[in-house]
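*Asks:* The structure file work_20.cif (mmCIF, C-alpha atoms and all ligand atoms) is provided below.
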data_protein
loop_
_atom_site.group_PDB
_atom_site.id
_atom_site.type_symbol
_atom_site.label_atom_id
_atom_site.label_comp_id
_atom_site.auth_asym_id
_atom_site.auth_seq_id
_atom_site.Cartn_x
_atom_site.Cartn_y
_atom_site.Cartn_z
ATOM 1 C CA MET A 107 8.968 1.225 15.404
ATOM 2 C CA GLY A 108 11.800 3.675 15.863
ATOM 3 C CA PHE A 109 11.547 6.643 13.562
ATOM 4 C CA ASN A 110 14.127 9.360 13.375
ATOM 5 C CA LYS A 111 12.205 12.254 14.895
ATOM 6 C CA GLU A 112 14.448 14.763 13.190
ATOM 7 C CA ILE A 113 13.558 13.301 9.762
ATOM 8 C CA ILE A 114 9.845 13.328 10.558
ATOM 9 C CA GLY A 115 10.198 16.981 11.614
ATOM 10 C CA LYS A 116 11.957 17.829 8.343
ATOM 11 C CA ILE A 117 9.244 16.080 6.304
ATOM 12 C CA ARG A 118 6.599 18.039 8.165
ATOM 13 C CA HIS A 119 8.300 21.436 8.080
ATOM 14 C CA SER A 120 10.702 21.644 5.153
ATOM 15 C CA PHE A 121 10.349 18.801 2.636
ATOM 16 C CA VAL A 122 8.832 20.654 -0.313
ATOM 17 C CA MET A 123 6.841 18.527 -2.732
ATOM 18 C CA ARG A 124 7.215 19.223 -6.452
ATOM 19 C CA GLU A 125 5.870 17.420 -9.525
ATOM 20 C CA ASP A 126 6.352 14.146 -7.698
ATOM 21 C CA THR A 127 4.444 10.878 -7.541
ATOM 22 C CA VAL A 128 3.773 9.518 -4.071
ATOM 23 C CA VAL A 129 2.518 5.994 -3.486
ATOM 24 C CA LEU A 130 0.843 5.890 -0.100
ATOM 25 C CA SER A 131 -0.883 3.401 2.141
ATOM 26 C CA TYR A 132 -1.278 2.149 5.654
ATOM 27 C CA PRO A 133 1.232 -0.737 5.978
ATOM 28 C CA LYS A 134 0.152 -4.102 4.522
ATOM 29 C CA SER A 135 -2.427 -2.654 2.132
ATOM 30 C CA GLY A 136 -0.648 -3.746 -1.047
ATOM 31 C CA MET A 137 1.761 -0.860 -1.473
ATOM 32 C CA THR A 138 4.654 -2.988 -2.759
ATOM 33 C CA TRP A 139 2.415 -4.329 -5.494
ATOM 34 C CA LEU A 140 1.383 -0.830 -6.498
ATOM 35 C CA VAL A 141 4.979 0.440 -6.549
ATOM 36 C CA GLU A 142 5.934 -2.494 -8.782
ATOM 37 C CA ILE A 143 3.112 -1.604 -11.192
ATOM 38 C CA VAL A 144 4.111 2.077 -11.256
ATOM 39 C CA CYS A 145 7.760 1.133 -11.923
ATOM 40 C CA LEU A 146 6.702 -1.181 -14.745
ATOM 41 C CA ILE A 147 4.495 1.544 -16.219
ATOM 42 C CA GLN A 148 7.421 3.990 -16.142
ATOM 43 C CA LYS A 149 9.534 1.478 -18.094
ATOM 44 C CA LYS A 150 6.690 0.345 -20.381
ATOM 45 C CA GLY A 151 6.923 -3.238 -19.175
ATOM 46 C CA ASP A 152 10.724 -3.524 -19.450
ATOM 47 C CA THR A 153 11.821 -5.589 -16.448
ATOM 48 C CA LYS A 154 15.470 -4.500 -16.259
ATOM 49 C CA TRP A 155 14.827 -1.874 -13.569
ATOM 50 C CA ILE A 156 12.541 -3.982 -11.351
ATOM 51 C CA GLN A 157 14.880 -6.967 -11.559
ATOM 52 C CA SER A 158 18.131 -5.154 -10.833
ATOM 53 C CA VAL A 159 17.304 -2.386 -8.347
ATOM 54 C CA PRO A 160 15.709 -2.969 -4.908
ATOM 55 C CA ILE A 161 12.209 -1.580 -4.676
ATOM 56 C CA TRP A 162 13.210 0.873 -1.913
ATOM 57 C CA ASP A 163 15.833 2.407 -4.237
ATOM 58 C CA ARG A 164 13.409 2.674 -7.145
ATOM 59 C CA SER A 165 10.846 4.411 -4.974
ATOM 60 C CA PRO A 166 12.629 5.617 -1.836
ATOM 61 C CA TRP A 167 10.823 5.536 1.476
ATOM 62 C CA LEU A 168 10.301 9.140 2.536
ATOM 63 C CA GLU A 169 10.362 8.524 6.289
ATOM 64 C CA ASN A 170 13.420 6.293 6.112
ATOM 65 C CA GLU A 171 16.636 8.238 6.757
ATOM 66 C CA SER A 172 18.505 7.101 3.640
ATOM 67 C CA GLY A 173 15.343 7.370 1.523
ATOM 68 C CA TYR A 174 14.783 10.901 2.788
ATOM 69 C CA PHE A 175 18.283 12.095 1.863
ATOM 70 C CA GLU A 176 18.129 10.394 -1.513
ATOM 71 C CA LEU A 177 14.877 12.231 -2.256
ATOM 72 C CA VAL A 178 16.104 15.584 -0.962
ATOM 73 C CA ASN A 179 19.136 15.398 -3.260
ATOM 74 C CA LYS A 180 17.262 14.190 -6.318
ATOM 75 C CA GLU A 181 16.503 16.660 -9.092
ATOM 76 C CA GLY A 182 13.380 16.561 -11.220
ATOM 77 C CA PRO A 183 10.158 14.656 -10.574
ATOM 78 C CA ARG A 184 10.546 11.984 -7.931
ATOM 79 C CA LEU A 185 8.809 8.681 -7.274
ATOM 80 C CA MET A 186 8.474 8.006 -3.564
ATOM 81 C CA THR A 187 6.728 5.760 -1.094
ATOM 82 C CA SER A 188 5.307 6.509 2.326
ATOM 83 C CA HIS A 189 3.111 5.114 5.058
ATOM 84 C CA LEU A 190 2.883 8.399 6.939
ATOM 85 C CA PRO A 191 -0.456 9.832 7.986
ATOM 86 C CA ILE A 192 -1.576 12.965 6.149
ATOM 87 C CA HIS A 193 -0.847 15.427 8.966
ATOM 88 C CA LEU A 194 2.888 14.678 8.826
ATOM 89 C CA PHE A 195 3.281 15.939 5.262
ATOM 90 C CA HIS A 196 4.550 19.381 4.378
ATOM 91 C CA LYS A 197 1.838 21.854 3.346
ATOM 92 C CA SER A 198 3.278 22.016 -0.194
ATOM 93 C CA LEU A 199 1.702 18.596 -0.812
ATOM 94 C CA PHE A 200 -1.658 20.335 -1.056
ATOM 95 C CA SER A 201 -0.616 23.086 -3.458
ATOM 96 C CA SER A 202 1.965 21.283 -5.631
ATOM 97 C CA LYS A 203 1.392 19.183 -8.732
ATOM 98 C CA THR A 204 2.294 16.047 -6.788
ATOM 99 C CA LYS A 205 0.263 13.014 -7.810
ATOM 100 C CA ILE A 206 -0.886 10.892 -4.918
ATOM 101 C CA ILE A 207 -1.920 7.248 -5.278
ATOM 102 C CA TYR A 208 -3.437 5.814 -2.112
ATOM 103 C CA ILE A 209 -4.217 2.116 -1.821
ATOM 104 C CA PHE A 210 -6.485 0.738 0.897
ATOM 105 C CA ARG A 211 -7.563 -2.740 1.961
ATOM 106 C CA ASN A 212 -9.940 -4.446 4.362
ATOM 107 C CA PRO A 213 -8.395 -3.596 7.762
ATOM 108 C CA ARG A 214 -9.079 -7.138 8.982
ATOM 109 C CA ASP A 215 -6.768 -8.495 6.268
ATOM 110 C CA ILE A 216 -4.273 -5.727 7.033
ATOM 111 C CA LEU A 217 -4.309 -6.820 10.670
ATOM 112 C CA VAL A 218 -3.584 -10.459 9.811
ATOM 113 C CA SER A 219 -0.966 -9.535 7.206
ATOM 114 C CA GLY A 220 0.702 -7.179 9.710
ATOM 115 C CA TYR A 221 0.717 -9.792 12.463
ATOM 116 C CA PHE A 222 2.620 -12.279 10.301
ATOM 117 C CA PHE A 223 4.918 -9.612 8.894
ATOM 118 C CA TRP A 224 5.930 -7.619 11.978
ATOM 119 C CA SER A 225 6.357 -10.786 14.075
ATOM 120 C CA LYS A 226 9.243 -11.725 11.778
ATOM 121 C CA THR A 227 10.986 -8.396 12.269
ATOM 122 C CA ASN A 228 12.384 -6.471 15.180
ATOM 123 C CA LEU A 229 10.600 -3.321 14.026
ATOM 124 C CA MET A 230 8.113 -3.734 16.872
ATOM 125 C CA LYS A 231 7.800 -5.679 20.102
ATOM 126 C CA ASN A 232 6.778 -9.259 19.295
ATOM 127 C CA PRO A 233 3.084 -9.577 20.217
ATOM 128 C CA GLY A 234 3.422 -13.338 20.795
ATOM 129 C CA SER A 235 -0.150 -14.059 19.682
ATOM 130 C CA LEU A 236 -2.691 -12.818 17.183
ATOM 131 C CA GLU A 237 -5.003 -11.878 20.074
ATOM 132 C CA THR A 238 -2.415 -9.521 21.528
ATOM 133 C CA TYR A 239 -1.619 -7.993 18.139
ATOM 134 C CA PHE A 240 -5.366 -7.578 17.581
ATOM 135 C CA GLU A 241 -5.664 -5.502 20.751
ATOM 136 C CA TRP A 242 -2.642 -3.392 19.831
ATOM 137 C CA PHE A 243 -3.963 -2.823 16.302
ATOM 138 C CA LEU A 244 -7.352 -1.603 17.490
ATOM 139 C CA LYS A 245 -5.663 0.788 19.914
ATOM 140 C CA GLY A 246 -3.258 2.018 17.228
ATOM 141 C CA ASN A 247 -0.243 0.683 19.157
ATOM 142 C CA VAL A 248 1.384 -0.719 16.021
ATOM 143 C CA PRO A 249 3.786 0.758 13.449
ATOM 144 C CA TYR A 250 2.253 3.899 11.897
ATOM 145 C CA GLY A 251 -0.526 4.067 14.477
ATOM 146 C CA SER A 252 -4.245 3.798 13.965
ATOM 147 C CA TRP A 253 -5.606 2.489 10.663
ATOM 148 C CA PHE A 254 -8.811 4.404 11.360
ATOM 149 C CA GLU A 255 -7.013 7.745 11.592
ATOM 150 C CA HIS A 256 -4.855 6.983 8.564
ATOM 151 C CA ILE A 257 -7.772 6.236 6.288
ATOM 152 C CA ARG A 258 -9.929 9.090 7.554
ATOM 153 C CA GLY A 259 -7.076 11.515 7.022
ATOM 154 C CA TRP A 260 -6.099 10.473 3.500
ATOM 155 C CA LEU A 261 -9.622 9.882 2.259
ATOM 156 C CA SER A 262 -10.403 13.503 3.016
ATOM 157 C CA MET A 263 -8.536 14.112 -0.288
ATOM 158 C CA ARG A 264 -10.579 11.647 -2.303
ATOM 159 C CA GLU A 265 -12.284 14.228 -4.499
ATOM 160 C CA GLU A 266 -9.057 16.067 -5.414
ATOM 161 C CA LYS A 267 -7.993 15.633 -9.021
ATOM 162 C CA ASN A 268 -4.370 14.810 -8.134
ATOM 163 C CA PHE A 269 -5.515 11.961 -5.855
ATOM 164 C CA LEU A 270 -6.130 8.415 -7.106
ATOM 165 C CA LEU A 271 -7.813 6.020 -4.724
ATOM 166 C CA LEU A 272 -7.346 2.285 -5.247
ATOM 167 C CA CYS A 273 -8.639 -0.690 -3.317
ATOM 168 C CA TYR A 274 -6.763 -3.971 -2.960
ATOM 169 C CA ASP A 275 -9.917 -5.934 -2.388
ATOM 170 C CA ASP A 276 -12.208 -7.443 -4.899
ATOM 171 C CA PHE A 277 -15.190 -5.145 -4.774
ATOM 172 C CA LYS A 278 -16.902 -5.621 -8.002
ATOM 173 C CA LYS A 279 -20.270 -5.072 -6.348
ATOM 174 C CA LEU A 280 -19.450 -1.496 -5.462
ATOM 175 C CA LEU A 281 -18.250 -0.368 -8.866
ATOM 176 C CA PRO A 282 -21.584 1.004 -10.048
ATOM 177 C CA ILE A 283 -21.893 3.039 -6.854
ATOM 178 C CA HIS A 284 -18.576 4.837 -6.904
ATOM 179 C CA PRO A 285 -17.237 4.543 -10.428
ATOM 180 C CA LEU A 286 -15.505 7.897 -10.303
ATOM 181 C CA PHE A 287 -13.085 7.524 -7.507
ATOM 182 C CA VAL A 288 -12.694 3.875 -6.630
ATOM 183 C CA VAL A 289 -10.693 1.472 -8.767
ATOM 184 C CA HIS A 290 -10.404 -2.280 -8.266
ATOM 185 C CA VAL A 291 -7.087 -3.932 -7.807
ATOM 186 C CA TYR A 292 -7.564 -7.664 -7.979
ATOM 187 C CA HIS A 293 -5.123 -10.123 -6.538
ATOM 188 C CA ASP A 294 -3.715 -12.770 -8.807
ATOM 189 C CA ASP A 295 -6.030 -15.752 -8.824
ATOM 190 C CA GLY A 296 -3.364 -18.361 -8.571
ATOM 191 C CA ASP A 297 -3.419 -19.267 -12.274
ATOM 192 C CA ASP A 298 0.085 -19.613 -13.459
ATOM 193 C CA ASP A 299 -0.638 -17.606 -16.545
ATOM 194 C CA GLY A 300 1.513 -14.828 -15.206
ATOM 195 C CA GLY A 301 -1.109 -12.207 -14.602
ATOM 196 C CA GLY A 302 -4.298 -13.656 -13.300
ATOM 197 C CA GLY A 303 -6.889 -15.078 -15.605
ATOM 198 C CA GLY A 304 -10.383 -14.243 -16.779
ATOM 199 C CA ASP A 305 -12.087 -11.462 -14.829
ATOM 200 C CA HIS A 306 -9.081 -10.832 -12.631
ATOM 201 C CA ASP A 307 -6.860 -10.206 -15.602
ATOM 202 C CA ASP A 308 -9.449 -7.880 -17.113
ATOM 203 C CA ASP A 309 -9.897 -5.923 -13.918
ATOM 204 C CA THR A 310 -6.207 -5.623 -13.178
ATOM 205 C CA ARG A 311 -5.828 -4.399 -16.752
ATOM 206 C CA GLY A 312 -8.540 -1.799 -16.132
ATOM 207 C CA THR A 313 -6.786 -0.663 -12.978
ATOM 208 C CA ILE A 314 -3.449 -0.338 -14.724
ATOM 209 C CA GLU A 315 -5.174 1.706 -17.428
ATOM 210 C CA LYS A 316 -6.586 4.024 -14.748
ATOM 211 C CA ILE A 317 -3.134 4.421 -13.197
ATOM 212 C CA CYS A 318 -1.681 5.192 -16.650
ATOM 213 C CA GLU A 319 -4.357 7.765 -17.328
ATOM 214 C CA PHE A 320 -3.698 9.377 -13.943
ATOM 215 C CA LEU A 321 0.053 9.485 -14.587
ATOM 216 C CA GLY A 322 -0.359 10.631 -18.186
ATOM 217 C CA LYS A 323 1.226 7.482 -19.689
ATOM 218 C CA LYS A 324 0.127 5.459 -22.688
ATOM 219 C CA LEU A 325 0.866 1.778 -23.198
ATOM 220 C CA GLU A 326 0.864 -0.472 -26.233
ATOM 221 C CA PRO A 327 -1.069 -3.757 -25.768
ATOM 222 C CA ASP A 328 2.116 -5.842 -25.542
ATOM 223 C CA GLU A 329 3.542 -3.457 -22.911
ATOM 224 C CA MET A 330 0.354 -3.870 -20.884
ATOM 225 C CA ASN A 331 0.670 -7.658 -21.100
ATOM 226 C CA LEU A 332 4.220 -7.494 -19.782
ATOM 227 C CA ILE A 333 3.100 -5.349 -16.851
ATOM 228 C CA LEU A 334 0.309 -7.792 -16.021
ATOM 229 C CA LYS A 335 2.752 -10.648 -16.157
ATOM 230 C CA TYR A 336 5.518 -9.135 -14.063
ATOM 231 C CA SER A 337 3.295 -7.593 -11.384
ATOM 232 C CA SER A 338 1.465 -10.866 -10.716
ATOM 233 C CA PHE A 339 1.731 -12.377 -7.237
ATOM 234 C CA GLN A 340 3.900 -15.237 -8.469
ATOM 235 C CA ALA A 341 6.279 -13.066 -10.487
ATOM 236 C CA MET A 342 6.722 -10.644 -7.593
ATOM 237 C CA LYS A 343 7.231 -13.472 -5.125
ATOM 238 C CA GLU A 344 10.136 -14.618 -7.283
ATOM 239 C CA ASN A 345 11.647 -11.159 -7.786
ATOM 240 C CA LYS A 346 14.179 -10.707 -5.014
ATOM 241 C CA MET A 347 14.365 -6.970 -5.720
ATOM 242 C CA SER A 348 10.707 -6.719 -4.654
ATOM 243 C CA ASN A 349 9.944 -9.601 -2.295
ATOM 244 C CA PHE A 350 11.938 -8.248 0.690
ATOM 245 C CA SER A 351 14.209 -11.315 0.786
ATOM 246 C CA ILE A 352 17.208 -8.961 0.638
ATOM 247 C CA VAL A 353 16.019 -6.850 3.549
ATOM 248 C CA ARG A 354 18.755 -6.251 6.151
ATOM 249 C CA LYS A 355 19.211 -9.410 8.212
ATOM 250 C CA ASP A 356 19.488 -7.413 11.442
ATOM 251 C CA ILE A 357 15.853 -6.348 11.130
ATOM 252 C CA ALA A 358 14.106 -9.480 9.876
ATOM 253 C CA THR A 359 14.267 -13.245 10.210
ATOM 254 C CA ASN A 360 15.172 -15.387 7.205
ATOM 255 C CA ASP A 361 11.607 -16.605 6.796
ATOM 256 C CA LEU A 362 10.068 -13.120 6.455
ATOM 257 C CA GLN A 363 7.630 -13.283 3.544
ATOM 258 C CA LEU A 364 6.197 -10.068 2.200
ATOM 259 C CA LEU A 365 4.199 -11.944 -0.437
ATOM 260 C CA ARG A 366 2.457 -14.317 1.939
ATOM 261 C CA GLU A 367 -1.112 -15.103 0.766
ATOM 262 C CA GLY A 368 -2.008 -12.227 -1.534
ATOM 263 C CA ALA A 369 -5.687 -12.864 -0.917
ATOM 264 C CA THR A 370 -8.816 -11.034 0.098
ATOM 265 C CA GLY A 371 -10.662 -12.361 3.149
ATOM 266 C CA ASP A 372 -7.769 -14.300 4.709
ATOM 267 C CA TRP A 373 -8.852 -12.799 8.051
ATOM 268 C CA LYS A 374 -11.692 -15.350 8.108
ATOM 269 C CA ASN A 375 -9.062 -18.074 8.506
ATOM 270 C CA HIS A 376 -7.606 -16.380 11.587
ATOM 271 C CA PHE A 377 -10.315 -14.482 13.487
ATOM 272 C CA THR A 378 -12.516 -16.324 15.964
ATOM 273 C CA VAL A 379 -16.183 -15.286 16.098
ATOM 274 C CA ALA A 380 -15.367 -13.285 19.237
ATOM 275 C CA LEU A 381 -12.529 -11.432 17.485
ATOM 276 C CA ALA A 382 -14.722 -10.707 14.460
ATOM 277 C CA GLU A 383 -17.425 -9.260 16.720
ATOM 278 C CA ALA A 384 -14.952 -7.229 18.734
ATOM 279 C CA PHE A 385 -13.489 -5.837 15.511
ATOM 280 C CA ASP A 386 -16.928 -4.880 14.166
ATOM 281 C CA LYS A 387 -17.775 -3.051 17.368
ATOM 282 C CA VAL A 388 -14.646 -0.900 17.328
ATOM 283 C CA TYR A 389 -14.989 -0.384 13.568
ATOM 284 C CA GLN A 390 -18.537 0.957 13.975
ATOM 285 C CA GLU A 391 -17.422 3.371 16.683
ATOM 286 C CA LYS A 392 -14.314 4.625 14.902
ATOM 287 C CA MET A 393 -15.859 4.949 11.450
ATOM 288 C CA ALA A 394 -19.107 6.549 12.614
ATOM 289 C CA GLY A 395 -20.099 9.362 10.264
ATOM 290 C CA PHE A 396 -17.896 8.127 7.423
ATOM 291 C CA PRO A 397 -19.727 7.808 4.050
ATOM 292 C CA ILE A 398 -21.484 4.449 3.977
ATOM 293 C CA GLY A 399 -20.756 2.163 1.040
ATOM 294 C CA LEU A 400 -17.306 3.477 0.275
ATOM 295 C CA PHE A 401 -15.679 0.244 1.404
ATOM 296 C CA PRO A 402 -16.468 -3.140 -0.177
ATOM 297 C CA TRP A 403 -16.433 -4.954 3.160
ATOM 298 C CA GLU A 404 -19.270 -2.891 4.668
HETATM 299 P P1 LIG A 501 -0.671 -10.805 2.672
HETATM 300 O O1 LIG A 501 0.230 -10.721 3.858
HETATM 301 O O2 LIG A 501 -2.113 -10.852 3.067
HETATM 302 O O3 LIG A 501 -0.314 -11.894 1.738
HETATM 303 P P2 LIG A 501 2.391 -4.026 1.626
HETATM 304 O O4 LIG A 501 3.161 -4.101 0.361
HETATM 305 O O5 LIG A 501 1.569 -2.768 1.734
HETATM 306 O O6 LIG A 501 3.240 -4.289 2.831
HETATM 307 O O7 LIG A 501 1.298 -5.195 1.573
HETATM 308 C C1 LIG A 501 1.679 -6.544 1.629
HETATM 309 C C2 LIG A 501 0.498 -7.400 1.197
HETATM 310 O O8 LIG A 501 0.289 -7.231 -0.219
HETATM 311 C C3 LIG A 501 0.736 -8.883 1.436
HETATM 312 O O9 LIG A 501 -0.524 -9.455 1.830
HETATM 313 C C4 LIG A 501 1.178 -9.350 0.050
HETATM 314 O O10 LIG A 501 0.993 -10.715 -0.195
HETATM 315 C C5 LIG A 501 0.285 -8.508 -0.842
HETATM 316 N N1 LIG A 501 0.835 -8.410 -2.209
HETATM 317 C C6 LIG A 501 2.043 -7.958 -2.589
HETATM 318 N N2 LIG A 501 2.214 -8.081 -3.911
HETATM 319 C C7 LIG A 501 1.072 -8.639 -4.397
HETATM 320 C C8 LIG A 501 0.634 -9.034 -5.704
HETATM 321 N N3 LIG A 501 1.403 -8.891 -6.773
HETATM 322 N N4 LIG A 501 -0.602 -9.560 -5.811
HETATM 323 C C9 LIG A 501 -1.392 -9.718 -4.718
HETATM 324 N N5 LIG A 501 -1.028 -9.372 -3.471
HETATM 325 C C10 LIG A 501 0.189 -8.840 -3.298
#
Output the file's structure as structure tokens, nothing else.
*Replies:*
Amino acid sequence: MGFNKEIIGKIRHSFVMREDTVVLSYPKSGMTWLVEIVCLIQKKGDTKWIQSVPIWDRSPWLENESGYFELVNKEGPRLMTSHLPIHLFHKSLFSSKTKIIYIFRNPRDILVSGYFFWSKTNLMKNPGSLETYFEWFLKGNVPYGSWFEHIRGWLSMREEKNFLLLCYDDFKKLLPIHPLFVVHVYHDDGDDDGGGGGDHDDDTRGTIEKICEFLGKKLEPDEMNLILKYSSFQAMKENKMSNFSIVRKDIATNDLQLLREGATGDWKNHFTVALAEAFDKVYQEKMAGFPIGLFPWE
């Protein structure tokens, strides 16, 4: 993926963070979903903004040239998005009042999601097969490099008070173990009730409440219901300002689908036993020494 080295250098050496909000993730971890929720929170559930302005203009992409200049020239607190690893941020990130929301996901699902996504773009060489992409992913030869380094780097901030850690995956089981710094984000369960039903609805609601608390926002019950409705998988899939259908045609094919499955565990439909074992082996090596039990898939 071709980055503008000059922009990356500016981010690293001169882009001073202020009282900003940064939504961060390794690609394909559910960042678009999170940005949509944050935008809806800012507007208290009013959909005008999310339905009229492309998501990359609502929350500009820091490492994208036009996003970078938009952010540099913007006064006041900014909302921005980035997939960059921690070491490429300016040192002011660690001393400013910037609020960081980092979302993570089972890397096996990220791998599958990335394979289907990048293959429909010219942002990287086409791997041709899942097996080839799998090898590239484990070596970090994919856009934004190694997942293992990304997560290790950002999770080093997990105890900071201006850092909110969210997980895409359903990990109900882990909640009692790490209630302080891990928040569930459930995917929509396919009900067409506009926001997931039953437990999912309740847990997504809880997550949105945590995000509100972190951002210092308060919502009325009907505002919360609107946010649940308009950030659901189905609603986002239909929102062309968020579903990437208006992405530049010179970088993606017409059938690019950002909202593809929206599920946890889809990797099981694509990995062979051999791939699953190979993944586990590399995972054990790369994550050695990392706190056990932090991730729901362990
Ligand atoms: P899949 O490809 O597995 O479907 P990112 O925004 O970081 O690129 O992540 C994209 C992934 O998030 C895709 O996963 C997409 O379907 C999922 N996603 C986006 N919006 C979602 C939503 N509202 N609910 C559930 N999943 C969502």
*Asks:* Neighbours of ligand LIG 501 (chain A) at 9 Å or closer, counting all atoms listed in the file: which residues, as a PyMOL selection string?
*Replies:* chain A and resi 130-143+189+209-210+215-223+274+291-295+301+336-343+348-349+363-373
*Asks:* Work out where the centre of an axis-aligned box around every listed atom of stretch 249-261 of chain A lies and how long its edges are once 3 Å is added on each side; give both in Å to one decimal as JSON.
*Replies:*
{"center_x": -3.1, "center_y": 6.1, "center_z": 8.4, "size_x": 19.7, "size_y": 16.8, "size_z": 18.2}
*Asks:* Could you tell me, as an mmCIF file with C-alpha atoms, in the coordinates of the input, exactly which residues end up selected when the PyMOL selection byres (((chain A and resi 270) around 12) and not hetatm) is applied to this structure?
*Replies:*
data_model
loop_
_atom_site.group_PDB
_atom_site.id
_atom_site.type_symbol
_atom_site.label_atom_id
_atom_site.label_comp_id
_atom_site.auth_asym_id
_atom_site.auth_seq_id
_atom_site.Cartn_x
_atom_site.Cartn_y
_atom_site.Cartn_z
ATOM 1 C CA THR A 127 4.444 10.878 -7.541
ATOM 2 C CA VAL A 128 3.773 9.518 -4.071
ATOM 3 C CA VAL A 129 2.518 5.994 -3.486
ATOM 4 C CA LEU A 130 0.843 5.890 -0.100
ATOM 5 C CA SER A 131 -0.883 3.401 2.141
ATOM 6 C CA LEU A 140 1.383 -0.830 -6.498
ATOM 7 C CA THR A 204 2.294 16.047 -6.788
ATOM 8 C CA LYS A 205 0.263 13.014 -7.810
ATOM 9 C CA ILE A 206 -0.886 10.892 -4.918
ATOM 10 C CA ILE A 207 -1.920 7.248 -5.278
ATOM 11 C CA TYR A 208 -3.437 5.814 -2.112
ATOM 12 C CA ILE A 209 -4.217 2.116 -1.821
ATOM 13 C CA PHE A 210 -6.485 0.738 0.897
ATOM 14 C CA TRP A 260 -6.099 10.473 3.500
ATOM 15 C CA LEU A 261 -9.622 9.882 2.259
ATOM 16 C CA MET A 263 -8.536 14.112 -0.288
ATOM 17 C CA ARG A 264 -10.579 11.647 -2.303
ATOM 18 C CA GLU A 265 -12.284 14.228 -4.499
ATOM 19 C CA GLU A 266 -9.057 16.067 -5.414
ATOM 20 C CA LYS A 267 -7.993 15.633 -9.021
ATOM 21 C CA ASN A 268 -4.370 14.810 -8.134
ATOM 22 C CA PHE A 269 -5.515 11.961 -5.855
ATOM 23 C CA LEU A 271 -7.813 6.020 -4.724
ATOM 24 C CA LEU A 272 -7.346 2.285 -5.247
ATOM 25 C CA CYS A 273 -8.639 -0.690 -3.317
ATOM 26 C CA LEU A 286 -15.505 7.897 -10.303
ATOM 27 C CA PHE A 287 -13.085 7.524 -7.507
ATOM 28 C CA VAL A 288 -12.694 3.875 -6.630
ATOM 29 C CA VAL A 289 -10.693 1.472 -8.767
ATOM 30 C CA HIS A 290 -10.404 -2.280 -8.266
ATOM 31 C CA THR A 313 -6.786 -0.663 -12.978
ATOM 32 C CA ILE A 314 -3.449 -0.338 -14.724
ATOM 33 C CA LYS A 316 -6.586 4.024 -14.748
ATOM 34 C CA ILE A 317 -3.134 4.421 -13.197
ATOM 35 C CA CYS A 318 -1.681 5.192 -16.650
ATOM 36 C CA GLU A 319 -4.357 7.765 -17.328
ATOM 37 C CA PHE A 320 -3.698 9.377 -13.943
ATOM 38 C CA LEU A 321 0.053 9.485 -14.587
#
*Asks:* Which one of A:Leu229, A:Ala384, A:Val178, A:Ile114 sits closest to A:Pro191 if you count only C-alpha atoms?
*Replies:* A:Ile114
*Asks:* To one decimal place, how far is atom CA of A:Lys245 from atom CA of A:His376 in Å?
*Replies:*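 Atom CA of A:His376 lies 19.2 Å from atom CA of A:Lys245.
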*Asks:* I'd like the interatomic distance between atom CA of A:Trp162 and atom CA of A:Phe243, to a tenth of an Å.
*Replies:*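 Atom CA of A:Phe243 lies 25.3 Å from atom CA of A:Trp162.
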*Asks:* A:Ser165, A:Asn110, A:Asn345, A:Thr310: which is nearest A:Ile333, counting all atoms listed in the file?
*Replies:*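 With all atoms listed in the file as the atom set, the closest residue is A:Thr310.
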*Asks:* Might you pull out every residue within 10 Å of A:Phe377, with all atoms listed in the file counted and same-chain residues fewer than 4 positions away left off, and present them as a list in words?
*Replies:*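 Everything that qualifies: Arg214, Val218, Leu236, Glu237, Phe240, Asp372, Trp373, Leu381, Ala382, Glu383 and Phe385 of chain A.
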*Asks:* Taking all atoms listed in the file into account, which of A:Leu244, A:Leu177, A:Ile357, A:Met347 comes nearest A:Lys387?
*Replies:*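 So, comparing all the options, the nearest one is A:Leu244.
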*Asks:* Env of A:Met393: 12 Å cut, atoms = all atoms listed in the file, seq-sep filter 6 positions within chain, self excluded. Answer as a CSV table (one decimal) with C-alpha atoms, in the coordinates of the input.
*Replies:*
chain,number,residue,atom,x,y,z
A,213,PRO,CA,-8.4,-3.6,7.8
A,252,SER,CA,-4.2,3.8,14.0
A,253,TRP,CA,-5.6,2.5,10.7
A,254,PHE,CA,-8.8,4.4,11.4
A,255,GLU,CA,-7.0,7.7,11.6
A,256,HIS,CA,-4.9,7.0,8.6
A,257,ILE,CA,-7.8,6.2,6.3
A,258,ARG,CA,-9.9,9.1,7.6
A,259,GLY,CA,-7.1,11.5,7.0
A,385,PHE,CA,-13.5,-5.8,15.5
A,386,ASP,CA,-16.9,-4.9,14.2
A,387,LYS,CA,-17.8,-3.1,17.4
A,399,GLY,CA,-20.8,2.2,1.0
A,400,LEU,CA,-17.3,3.5,0.3
A,401,PHE,CA,-15.7,0.2,1.4
A,404,GLU,CA,-19.3,-2.9,4.7
*Asks:* In Å, with one decimal, what is the gap from atom CA of A:Glu176 to atom CA of A:Ile117?
*Replies:* 13.1 Å
*Asks:* Between A:His119, A:Phe396, A:Leu362, A:Gln390, which one has atoms that come closest to A:His193, using all atoms listed in the file?
*Replies:*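 Distance minimum relative to A:His193 lands on A:His119.
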*Asks:* Hey, which of A:Phe200, A:Tyr250, A:Trp167, A:Tyr174 ends up closest to A:Phe121? Count all atoms listed in the file.
*Replies:*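 Comparing A:Phe200, A:Tyr250, A:Trp167, A:Tyr174 against A:Phe121, the winner is A:Tyr174.
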*Asks:* To test your reading of the syntax: which residues would the PyMOL selection byres (((chain A and resi 332) around 12) and not hetatm) return for the file shown? Reply as a list in words.
*Replies:*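 So the PyMOL selection byres (((chain A and resi 332) around 12) and not hetatm) ends up selecting Ile143, Leu146, Ile147, Lys149, Lys150, Gly151, Asp152, Thr153, Asp299, Gly300, Gly301, Arg311, Ile314, Leu325, Glu326, Pro327, Asp328, Glu329, Met330, Asn331, Ile333, Leu334, Lys335, Tyr336, Ser337, Ser338 and Ala341 of chain A.
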